[in-house]
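**Student:** One file is attached below, run.cif, containing mmCIF, C-alpha atoms.
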```cif
data_entry
#
loop_
_atom_site.group_PDB
_atom_site.id
_atom_site.type_symbol
_atom_site.label_atom_id
_atom_site.label_comp_id
_atom_site.auth_asym_id
_atom_site.auth_seq_id
_atom_site.Cartn_x
_atom_site.Cartn_y
_atom_site.Cartn_z
ATOM 1 C CA MET A 1 0.000 0.000 0.000
ATOM 2 C CA THR A 2 1.385 3.404 -0.944
ATOM 3 C CA ASN A 3 1.894 6.177 1.571
ATOM 4 C CA GLU A 4 -0.945 8.165 -0.055
ATOM 5 C CA ALA A 5 -3.331 5.192 0.180
ATOM 6 C CA GLN A 6 -2.357 4.626 3.810
ATOM 7 C CA LEU A 7 -2.996 8.300 4.552
ATOM 8 C CA ASN A 8 -6.423 8.175 2.841
ATOM 9 C CA LYS A 9 -7.343 5.011 4.771
ATOM 10 C CA ALA A 10 -6.244 6.603 8.041
ATOM 11 C CA GLN A 11 -8.284 9.741 7.283
ATOM 12 C CA LEU A 12 -11.325 7.622 6.412
ATOM 13 C CA ASP A 13 -10.941 5.577 9.611
ATOM 14 C CA GLU A 14 -10.612 8.787 11.628
ATOM 15 C CA ALA A 15 -13.722 10.281 9.973
ATOM 16 C CA ASN A 16 -15.735 7.102 10.654
ATOM 17 C CA GLU A 17 -14.605 7.070 14.275
ATOM 18 C CA ALA A 18 -15.571 10.735 14.681
ATOM 19 C CA LYS A 19 -19.004 9.998 13.189
ATOM 20 C CA GLU A 20 -19.533 7.080 15.599
ATOM 21 C CA VAL A 21 -18.500 9.234 18.560
ATOM 22 C CA LYS A 22 -20.933 11.968 17.436
ATOM 23 C CA GLU A 23 -23.776 9.420 17.038
ATOM 24 C CA ALA A 24 -23.017 7.962 20.465
ATOM 25 C CA LYS A 25 -23.087 11.435 22.036
ATOM 26 C CA GLU A 26 -26.414 12.215 20.355
ATOM 27 C CA ALA A 27 -27.890 8.899 21.520
ATOM 28 C CA ASN A 28 -26.507 9.579 24.983
ATOM 29 C CA ALA A 29 -28.158 13.009 25.059
ATOM 30 C CA VAL A 30 -31.545 11.589 24.020
ATOM 31 C CA GLY A 31 -31.219 8.724 26.503
ATOM 32 C CA GLU A 32 -30.253 11.057 29.324
ATOM 33 C CA ALA A 33 -33.167 13.362 28.467
ATOM 34 C CA VAL A 34 -35.587 10.536 29.254
ATOM 35 C CA GLY A 35 -33.554 9.119 32.129
ATOM 36 C CA ARG A 36 -32.022 6.123 30.355
ATOM 37 C CA SER A 37 -28.437 5.006 30.215
ATOM 38 C CA VAL A 38 -26.813 4.279 26.869
ATOM 39 C CA ARG A 39 -26.963 0.602 26.025
ATOM 40 C CA VAL A 40 -25.533 -1.649 23.374
ATOM 41 C CA ASN A 41 -26.132 -0.737 19.736
ATOM 42 C CA PHE A 42 -27.410 -4.159 18.726
ATOM 43 C CA ALA A 43 -27.142 -3.558 14.970
ATOM 44 C CA LYS A 44 -23.445 -2.717 15.280
ATOM 45 C CA ALA A 45 -22.560 -5.215 18.013
ATOM 46 C CA ALA A 46 -24.347 -8.210 16.436
ATOM 47 C CA PRO A 47 -24.684 -7.375 12.720
ATOM 48 C CA LYS A 48 -25.317 -10.967 11.586
ATOM 49 C CA ALA A 49 -28.119 -11.466 14.097
ATOM 50 C CA PHE A 50 -29.578 -8.048 13.211
ATOM 51 C CA LYS A 51 -29.515 -8.812 9.469
ATOM 52 C CA ALA A 52 -31.082 -12.218 10.095
ATOM 53 C CA LEU A 53 -33.916 -10.559 12.013
ATOM 54 C CA ILE A 54 -34.451 -8.066 9.194
ATOM 55 C CA GLY A 55 -34.599 -10.968 6.717
ATOM 56 C CA PHE A 56 -37.078 -12.876 8.885
ATOM 57 C CA ASP A 57 -39.229 -9.753 9.214
ATOM 58 C CA ALA A 58 -39.220 -9.162 5.433
ATOM 59 C CA ALA A 59 -40.144 -12.802 4.721
ATOM 60 C CA ALA A 60 -42.980 -12.640 7.262
ATOM 61 C CA ARG A 61 -44.516 -9.526 5.668
ATOM 62 C CA GLU A 62 -44.423 -10.907 2.140
ATOM 63 C CA GLY A 63 -47.917 -11.121 0.698
ATOM 64 C CA LEU A 64 -49.677 -9.691 3.763
ATOM 65 C CA ASP A 65 -51.793 -6.535 3.532
ATOM 66 C CA PRO A 66 -49.570 -3.617 4.663
ATOM 67 C CA ALA A 67 -52.411 -2.165 6.761
ATOM 68 C CA LEU A 68 -52.866 -5.518 8.535
ATOM 69 C CA VAL A 69 -49.107 -5.743 9.140
ATOM 70 C CA GLU A 70 -49.132 -2.378 10.897
ATOM 71 C CA LEU A 71 -52.221 -3.229 12.992
ATOM 72 C CA VAL A 72 -50.506 -6.401 14.236
ATOM 73 C CA GLN A 73 -47.294 -4.535 15.005
ATOM 74 C CA ILE A 74 -49.161 -1.768 16.803
ATOM 75 C CA ARG A 75 -51.144 -4.208 18.963
ATOM 76 C CA SER A 76 -48.103 -6.234 19.944
ATOM 77 C CA SER A 77 -46.176 -3.046 20.758
ATOM 78 C CA GLN A 78 -49.058 -1.855 22.944
ATOM 79 C CA LEU A 79 -49.179 -5.153 24.837
ATOM 80 C CA ASN A 80 -45.397 -5.178 25.312
ATOM 81 C CA LYS A 81 -45.410 -1.497 26.323
ATOM 82 C CA CYS A 82 -42.795 -0.675 23.693
ATOM 83 C CA ALA A 83 -43.102 3.060 23.052
ATOM 84 C CA TYR A 84 -40.301 3.044 20.466
ATOM 85 C CA CYS A 85 -42.028 0.449 18.246
ATOM 86 C CA LEU A 86 -45.491 1.862 18.901
ATOM 87 C CA HIS A 87 -44.375 5.294 17.698
ATOM 88 C CA MET A 88 -42.666 3.778 14.655
ATOM 89 C CA HIS A 89 -45.606 1.612 13.600
ATOM 90 C CA THR A 90 -48.347 4.179 14.161
ATOM 91 C CA THR A 91 -46.285 6.550 12.008
ATOM 92 C CA ASP A 92 -45.849 3.825 9.366
ATOM 93 C CA ALA A 93 -49.555 2.956 9.506
ATOM 94 C CA ARG A 94 -50.491 6.501 8.626
ATOM 95 C CA LYS A 95 -48.576 5.909 5.367
ATOM 96 C CA ALA A 96 -49.648 2.299 4.689
ATOM 97 C CA TRP A 97 -51.911 1.613 1.750
ATOM 98 C CA GLY A 98 -54.919 -0.121 3.165
ATOM 99 C CA HIS A 99 -57.628 -2.120 1.475
ATOM 100 C CA LEU A 100 -60.415 0.278 2.460
ATOM 101 C CA PRO A 101 -61.132 3.450 0.457
ATOM 102 C CA ALA A 102 -61.138 5.477 3.694
ATOM 103 C CA VAL A 103 -57.505 4.547 4.306
ATOM 104 C CA ALA A 104 -56.241 4.648 0.713
ATOM 105 C CA GLY A 105 -53.627 7.244 1.688
ATOM 106 C CA GLY A 106 -52.782 5.606 5.005
ATOM 107 C CA GLU A 107 -54.460 4.253 8.101
ATOM 108 C CA SER A 108 -57.160 6.466 9.629
ATOM 109 C CA GLU A 109 -56.623 8.107 12.996
ATOM 110 C CA GLU A 110 -59.974 6.706 14.082
ATOM 111 C CA ARG A 111 -58.850 3.097 13.558
ATOM 112 C CA LEU A 112 -55.428 3.741 15.097
ATOM 113 C CA HIS A 113 -57.128 4.980 18.263
ATOM 114 C CA MET A 114 -59.296 1.856 18.391
ATOM 115 C CA VAL A 115 -56.542 -0.783 18.078
ATOM 116 C CA ALA A 116 -56.067 -1.054 21.850
ATOM 117 C CA VAL A 117 -59.808 -1.615 22.344
ATOM 118 C CA TRP A 118 -60.609 -3.470 19.124
ATOM 119 C CA GLN A 119 -62.798 -6.044 20.915
ATOM 120 C CA GLU A 120 -65.037 -3.216 22.159
ATOM 121 C CA ALA A 121 -65.121 -1.573 18.719
ATOM 122 C CA PRO A 122 -65.283 -4.446 16.227
ATOM 123 C CA HIS A 123 -67.080 -2.376 13.596
ATOM 124 C CA PHE A 124 -63.795 -0.517 12.957
ATOM 125 C CA PHE A 125 -62.079 -3.724 11.809
ATOM 126 C CA THR A 126 -62.804 -6.447 9.286
ATOM 127 C CA ALA A 127 -63.387 -10.007 10.498
ATOM 128 C CA LYS A 128 -59.952 -10.917 9.120
ATOM 129 C CA GLU A 129 -58.279 -8.067 11.029
ATOM 130 C CA GLN A 130 -60.107 -9.054 14.214
ATOM 131 C CA ALA A 131 -58.862 -12.639 13.826
ATOM 132 C CA ALA A 132 -55.307 -11.366 13.317
ATOM 133 C CA LEU A 133 -55.540 -9.073 16.354
ATOM 134 C CA ALA A 134 -56.874 -11.915 18.521
ATOM 135 C CA LEU A 135 -54.012 -14.164 17.392
ATOM 136 C CA THR A 136 -51.527 -11.342 18.011
ATOM 137 C CA GLU A 137 -52.763 -10.993 21.581
ATOM 138 C CA ALA A 138 -52.653 -14.736 22.252
ATOM 139 C CA VAL A 139 -49.139 -15.186 20.861
ATOM 140 C CA THR A 140 -47.793 -12.006 22.477
ATOM 141 C CA LEU A 141 -49.241 -13.016 25.859
ATOM 142 C CA VAL A 142 -48.494 -16.725 25.354
ATOM 143 C CA ALA A 143 -47.275 -17.174 28.946
ATOM 144 C CA GLN A 144 -50.757 -16.249 30.207
ATOM 145 C CA GLY A 145 -52.488 -19.287 28.786
ATOM 146 C CA GLY A 146 -51.026 -20.348 25.488
ATOM 147 C CA VAL A 147 -52.802 -19.886 22.175
ATOM 148 C CA PRO A 148 -56.375 -21.139 22.621
ATOM 149 C CA ASP A 149 -57.708 -23.426 19.886
ATOM 150 C CA ALA A 150 -60.662 -21.088 19.287
ATOM 151 C CA VAL A 151 -58.321 -18.147 18.607
ATOM 152 C CA TYR A 152 -56.165 -20.235 16.269
ATOM 153 C CA GLN A 153 -59.198 -21.641 14.425
ATOM 154 C CA ARG A 154 -60.672 -18.163 14.024
ATOM 155 C CA ALA A 155 -57.470 -17.044 12.317
ATOM 156 C CA ALA A 156 -57.327 -20.223 10.226
ATOM 157 C CA THR A 157 -60.768 -19.443 8.792
ATOM 158 C CA HIS A 158 -59.508 -16.093 7.431
ATOM 159 C CA PHE A 159 -55.964 -16.971 6.364
ATOM 160 C CA ASP A 160 -54.830 -19.859 4.182
ATOM 161 C CA GLU A 161 -52.018 -21.981 5.629
ATOM 162 C CA PRO A 162 -49.043 -20.119 4.056
ATOM 163 C CA GLU A 163 -50.601 -16.746 4.946
ATOM 164 C CA LEU A 164 -51.288 -17.918 8.507
ATOM 165 C CA ALA A 165 -47.680 -19.067 8.834
ATOM 166 C CA ARG A 166 -46.463 -15.629 7.669
ATOM 167 C CA LEU A 167 -48.865 -13.935 10.105
ATOM 168 C CA LEU A 168 -47.414 -16.016 12.936
ATOM 169 C CA ALA A 169 -43.897 -15.148 11.761
ATOM 170 C CA LEU A 170 -44.874 -11.463 11.743
ATOM 171 C CA ILE A 171 -46.120 -11.758 15.326
ATOM 172 C CA PHE A 172 -42.872 -13.495 16.312
ATOM 173 C CA THR A 173 -40.764 -10.765 14.693
ATOM 174 C CA ILE A 174 -42.600 -7.806 16.230
ATOM 175 C CA ASN A 175 -42.324 -9.431 19.642
ATOM 176 C CA THR A 176 -38.592 -9.819 19.045
ATOM 177 C CA TRP A 177 -38.278 -6.208 17.851
ATOM 178 C CA ASN A 178 -40.212 -5.051 20.951
ATOM 179 C CA ARG A 179 -37.862 -6.946 23.238
ATOM 180 C CA LEU A 180 -34.819 -5.679 21.387
ATOM 181 C CA ALA A 181 -35.999 -2.046 21.624
ATOM 182 C CA LEU A 182 -36.951 -2.334 25.301
ATOM 183 C CA SER A 183 -33.783 -4.110 26.394
ATOM 184 C CA THR A 184 -31.465 -1.767 24.465
ATOM 185 C CA GLY A 185 -33.221 1.392 25.697
ATOM 186 C CA LYS A 186 -34.567 2.717 22.384
ATOM 187 C CA VAL A 187 -36.368 6.041 22.802
ATOM 188 C CA ALA A 188 -39.741 6.716 21.134
ATOM 189 C CA GLY A 189 -39.536 9.236 18.330
ATOM 190 C CA THR A 190 -35.922 8.447 17.446
ATOM 191 C CA ASP A 191 -36.592 6.042 14.575
ATOM 192 C CA GLU A 192 -33.147 4.674 13.748
ATOM 193 C CA ARG A 193 -33.951 2.682 10.609
#
```
Show me this structure written as C-alpha cells.
**Tutor:**
Amino acid sequence: MTNEAQLNKAQLDEANEAKEVKEAKEANAVGEAVGRSVRVNFAKAAPKAFKALIGFDAAAREGLDPALVELVQIRSSQLNKCAYCLHMHTTDARKAWGHLPAVAGGESEERLHMVAVWQEAPHFFTAKEQAALALTEAVTLVAQGGVPDAVYQRAATHFDEPELARLLALIFTINTWNRLALSTGKVAGTDER
C-alpha cells in the first residue's frame, strides 16, 4: 500500500470514528433526556443477528396486507409497552396503503385509536383483522395461557395456511423487535432505521 493510500485510509478511519463518537453522544443526550443510560447498539454489536432478524421480518410480511401488518405490530407493541415500536408503527400505519377506500392514503386516525380496544369496537375492523388481532394478543401473551384453539381456528378461517404461517412469523418478529428495543433502551420518536 502506498503512503498516499495509507494516509487516505487513516483519514477515512478517523472520519468514521468521529461519526460514531458523534452518534453515540447524540444517543446519549436523548437517553439522558428521558432518564435512560446508553446501552448496546445491537445492529453494530451483532450485525449478523440483526440482518437475520431483518430478513425474517421481510419474509414474514411478504404477501400480507400492509395495513394488517401495521395493525398487528401496533397491537403487539401496545401489549409489550414498547413506546419506540409503537411510535414507529403508528407513524408507518399513517402511510400504509390499506384495502379500504377510507384509508387509501394511510391508516385512519380513528382506527389507530381503536386498536387497543378493538374487541369493544369491532365495527372498525374487518373479520380478518379481528382474527389477526386476537391471534396477536394470544401469541404475544403466550405465557398467560397459550394460544387457545378457538383463537387459532378463528385465524385459520380467514388466512390460508401459508398466509397464517407468515402472520405467525410477523407476530414473532414484532415481539422480538419489541424486546430488542426495550432491552437496548430505544427512545420513542428516534426512529433509527
**Student:** To test your reading of the syntax: which residues would the PyMOL selection byres ((chain A and resi 43) around 12) return for the file shown? Reply as a PyMOL selection string.
**Tutor:** chain A and resi 39-42+44-54+177+180-181+184+192-193
**Student:** For each of A:Gly55, A:Ala138, A:Ala188, A:Leu168, take the minimum atom-to-atom distance to Thr90 (chain A), counting only C-alpha atoms, then give the residue where this is smallest.
**Tutor:** A:Ala188
**Student:** Do you have the CA of Leu68 (chain A)-CA of Lys81 (chain A) distance handy?
**Tutor:**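 Computing the Euclidean distance for CA of Leu68 (chain A) and CA of Lys81 (chain A) yields 19.7 Å.
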**Student:** Which residue out of A:Thr136, A:Gln73, A:Gln78, A:Thr91 has the minimum interatomic distance to Leu164 (chain A) when all atoms listed in the file are used?
**Tutor:**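 Residue with the minimum atom-to-atom distance to Leu164 (chain A): A:Thr136.
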**Student:** Taking 6 positions as the minimum chain separation for residues in the same chain, which residues sit within 12 Å of Gly146 (chain A) when counting all atoms listed in the file? Answer as a list in words.
**Tutor:** Leu135, Thr136, Glu137, Ala138, Val139, Thr140 and Tyr152 of chain A
**Student:** Please dump the current selection as a PDB file, in the frame of the given file; keep C-alpha atoms.
**Tutor:**
```
ATOM      1  CA  LEU A 135     -54.012 -14.164  17.392  1.00  0.00           C
ATOM      2  CA  THR A 136     -51.527 -11.342  18.011  1.00  0.00           C
ATOM      3  CA  GLU A 137     -52.763 -10.993  21.581  1.00  0.00           C
ATOM      4  CA  ALA A 138     -52.653 -14.736  22.252  1.00  0.00           C
ATOM      5  CA  VAL A 139     -49.139 -15.186  20.861  1.00  0.00           C
ATOM      6  CA  THR A 140     -47.793 -12.006  22.477  1.00  0.00           C
ATOM      7  CA  TYR A 152     -56.165 -20.235  16.269  1.00  0.00           C
TER       8      TYR A 152
END
```
**Student:** Report, in Å with one decimal, the straight-line distance from CA of Val147 (chain A) to CA of Lys186 (chain A).
**Tutor:**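 The value is 29.0 Å.
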**Student:** Could you tell me how far CA of Asp92 (chain A) lies from CA of Leu167 (chain A), in Å and to one decimal?
**Tutor:**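 Atom-to-atom, CA of Asp92 (chain A) and CA of Leu167 (chain A) are spaced 18.0 Å apart.
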**Student:** Counting all atoms listed in the file, which of A:Leu86, A:Ala60, A:Val38, A:Ala155 gets nearest to Leu112 (chain A)?
**Tutor:**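 Between A:Leu86, A:Ala60, A:Val38, A:Ala155, the residue approaching Leu112 (chain A) most closely is A:Leu86.
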